[in-house]
Amino acid sequence: PVASVLELGGVKIGREDVMRDDPTNNVPDTIFSKLGMQLHRRDQHPIGILKNAIYEYFDTSYPNKFDKFDDLCPIVTVKQNFDDVLVPADHVSRSYNDTYYIDAQSVLRCHTSAHQAELLRRGHTHFLVTGDVYRRDSIDSTHYPVFHQMEGVRVFSPDDWEASGVDATSYAAEDLKKCLEGLANHLFGAVEMRWIDTYFPFTNPSFELEIYFQEKWLEVLGCGVTEQEILKRSGKTNNVAWAFGLGLERLAMVLFDIPDIRLFWSNDERFTSQFSKGQLGIKFKPFSKYPPCYKDISFWINESFTENNLCEVVRGIAGDLAEEVLLIDNFTNKKGMTSHCYRIAYRSMERSLTDDEINELQWNVREQVQSKLNVVLR
Ligand code: PHE
């Protein structure tokens, strides 16, 4: 049973404040139950340990400079989450398919950038914001609809760059890269990294930092030089700034060798007891891996079908027993009807599942996929 009133950032929130009877509301119970868990504020949890290690880097490199926030409420306005950081009206991240809406004006923040503008307006020039963020998404070992980010922002004044001989934007971009490479070295020691040019509505130029892990390049953060319009609106016309947003789970998976993102939410002592305060980079020893069970489901899709909606149905029924939902077949027949086949992997991190239990889950998935997504099972 889930508590029906939570206290977040000093604000009391009831279940009915989040799961409104509103046509735009798409927050399921599984998500409500994660609000207020605040993994990033637990000193013995890998997410909290990592947050503290990043604090330590900033405290050493910039003594007393960065203001830290880690209990800002995850319920924010559409304006904070999107408009204030210049996300265009037609950007995909605004869709009901990608973001959890409470009503037409409020959402569960999909990034910690939602707090940039208000903190700048309040006069902060160096800050870190850590918090839980929410996104409708696919199901696999590195994606979960709730995860944690840390946002960093640093504002410069003309004195900072004028003596340097480079223009303000290049100055900020260089400082940003140096700062984040220093952070990566602080966390990983020597590690292979690369910068990728990218696009964010709120920064220009924009970059992604990738780290080489388990034979793959893993995207760990996005960053860039803050759009001048954001500074202007917060009364800082003569400044430049940089910003970054870093995914704590991704980094923690690499640092602690945690193979599946669902483990962060486990209360199993065999997981929780392996970590202690201040101990970064202890390698997680998996307790024996229980066998997965695969079930396929095929159906004719319609125009409104999305994979995120399918994953939401699966999570609603199987919760954290759903390990992966993978499209394994996709074809369109002569009549123009498109069929998808998904392979669902069920696995518990904690115990062996019985055939009966999995059959029942799959049975419910089949039923709800038909009734909620209006597709035709094959
Ligand atoms: N908000 C971006 C994301 O969630 C990350 C980011 C933050 C990028 C700040 C640039 C600057 O992907």
# chains A, B, ... in the order shown; residues from 1 in each chain; ligands from 1
>>> select_by_dssp(residues="segment 233-264 of chain A", states="strand (DSSP E or B)", output="PyMOL selection string")
chain A and resi 240-247
>>> residues_near_ligand(ligand="ligand 1", cutoff="9 Å", atoms="only C-alpha atoms and all ligand atoms", output="number ranges by chain")
A: 110-114, 116, 133, 149-153, 199-204, 206-208, 221-226, 242-247
>>> closest_atom_pairs(of="segment 240-359 of chain A", to="segment 178-198 of chain A", cutoff="10 Å", atoms="only C-alpha atoms", output="CSV")
residue,atom,partner,partner_atom,distance
A:Phe244,CA,A:Leu180,CA,8.8
A:Leu251,CA,A:Leu187,CA,9.0
A:Ala252,CA,A:Leu187,CA,9.9
A:Val254,CA,A:Phe188,CA,9.0
A:Leu255,CA,A:Phe188,CA,7.1
A:Leu280,CA,A:Leu187,CA,8.0
A:Gly281,CA,A:Leu187,CA,8.3
>>> residues_around(residues="segment 39-42 of chain A", least_positions_apart="6", cutoff="7 Å", atoms="only C-alpha atoms", output="list in words")
Gly48, Lys51 and Gly131 of chain A
>>> write_last_selection(atoms="N, CA and C atoms", output="short mmCIF file (atom, residue, chain, number, x, y, z; two decimals), in the first residue's frame")
data_model
loop_
_atom_site.label_atom_id
_atom_site.label_comp_id
_atom_site.auth_asym_id
_atom_site.auth_seq_id
_atom_site.Cartn_x
_atom_site.Cartn_y
_atom_site.Cartn_z
N GLY A 48 22.63 8.46 -3.91
CA GLY A 48 23.03 9.47 -2.92
C GLY A 48 24.55 9.54 -2.77
N LYS A 51 25.78 11.47 -5.75
CA LYS A 51 25.50 12.90 -5.58
C LYS A 51 26.54 13.54 -4.67
N GLY A 131 17.53 15.96 -8.44
CA GLY A 131 16.15 15.54 -8.19
C GLY A 131 15.72 14.38 -9.06
#
>>> atom_distance(atom1="atom CA of Arg351 of chain A", atom2="atom CA of Pro292 of chain A")
10.6 Å
>>> select_by_dssp(residues="segment 84-167 of chain A", states="alpha helix (DSSP H)", output="PyMOL selection string")
chain A and resi 116-121+158-162
>>> write_last_selection(atoms="N, CA and C atoms", output="mmCIF file, in the first residue's frame")
data_model
loop_
_atom_site.group_PDB
_atom_site.id
_atom_site.type_symbol
_atom_site.label_atom_id
_atom_site.label_comp_id
_atom_site.auth_asym_id
_atom_site.auth_seq_id
_atom_site.Cartn_x
_atom_site.Cartn_y
_atom_site.Cartn_z
ATOM 1 N N GLN A 116 16.061 25.891 -13.674
ATOM 2 C CA GLN A 116 17.082 26.880 -14.069
ATOM 3 C C GLN A 116 16.608 28.314 -13.958
ATOM 4 N N ALA A 117 15.514 28.603 -14.656
ATOM 5 C CA ALA A 117 15.083 30.000 -14.796
ATOM 6 C C ALA A 117 14.741 30.623 -13.445
ATOM 7 N N GLU A 118 13.987 29.854 -12.620
ATOM 8 C CA GLU A 118 13.579 30.449 -11.348
ATOM 9 C C GLU A 118 14.780 30.709 -10.435
ATOM 10 N N LEU A 119 15.786 29.827 -10.463
ATOM 11 C CA LEU A 119 16.953 30.039 -9.596
ATOM 12 C C LEU A 119 17.802 31.201 -10.104
ATOM 13 N N LEU A 120 17.900 31.339 -11.418
ATOM 14 C CA LEU A 120 18.613 32.497 -11.983
ATOM 15 C C LEU A 120 17.898 33.781 -11.581
ATOM 16 N N ARG A 121 16.586 33.756 -11.706
ATOM 17 C CA ARG A 121 15.791 34.931 -11.346
ATOM 18 C C ARG A 121 15.986 35.303 -9.876
ATOM 19 N N PRO A 158 31.496 39.877 -17.245
ATOM 20 C CA PRO A 158 32.485 40.336 -18.227
ATOM 21 C C PRO A 158 33.937 40.233 -17.726
ATOM 22 N N ASP A 159 34.166 40.531 -16.459
ATOM 23 C CA ASP A 159 35.526 40.412 -15.909
ATOM 24 C C ASP A 159 36.142 39.048 -16.174
ATOM 25 N N ASP A 160 35.308 38.015 -16.124
ATOM 26 C CA ASP A 160 35.821 36.654 -16.260
ATOM 27 C C ASP A 160 36.441 36.404 -17.629
ATOM 28 N N TRP A 161 35.743 36.850 -18.695
ATOM 29 C CA TRP A 161 36.264 36.499 -20.021
ATOM 30 C C TRP A 161 37.060 37.616 -20.681
ATOM 31 N N GLU A 162 36.891 38.874 -20.223
ATOM 32 C CA GLU A 162 37.522 39.981 -20.950
ATOM 33 C C GLU A 162 39.038 39.873 -21.028
#
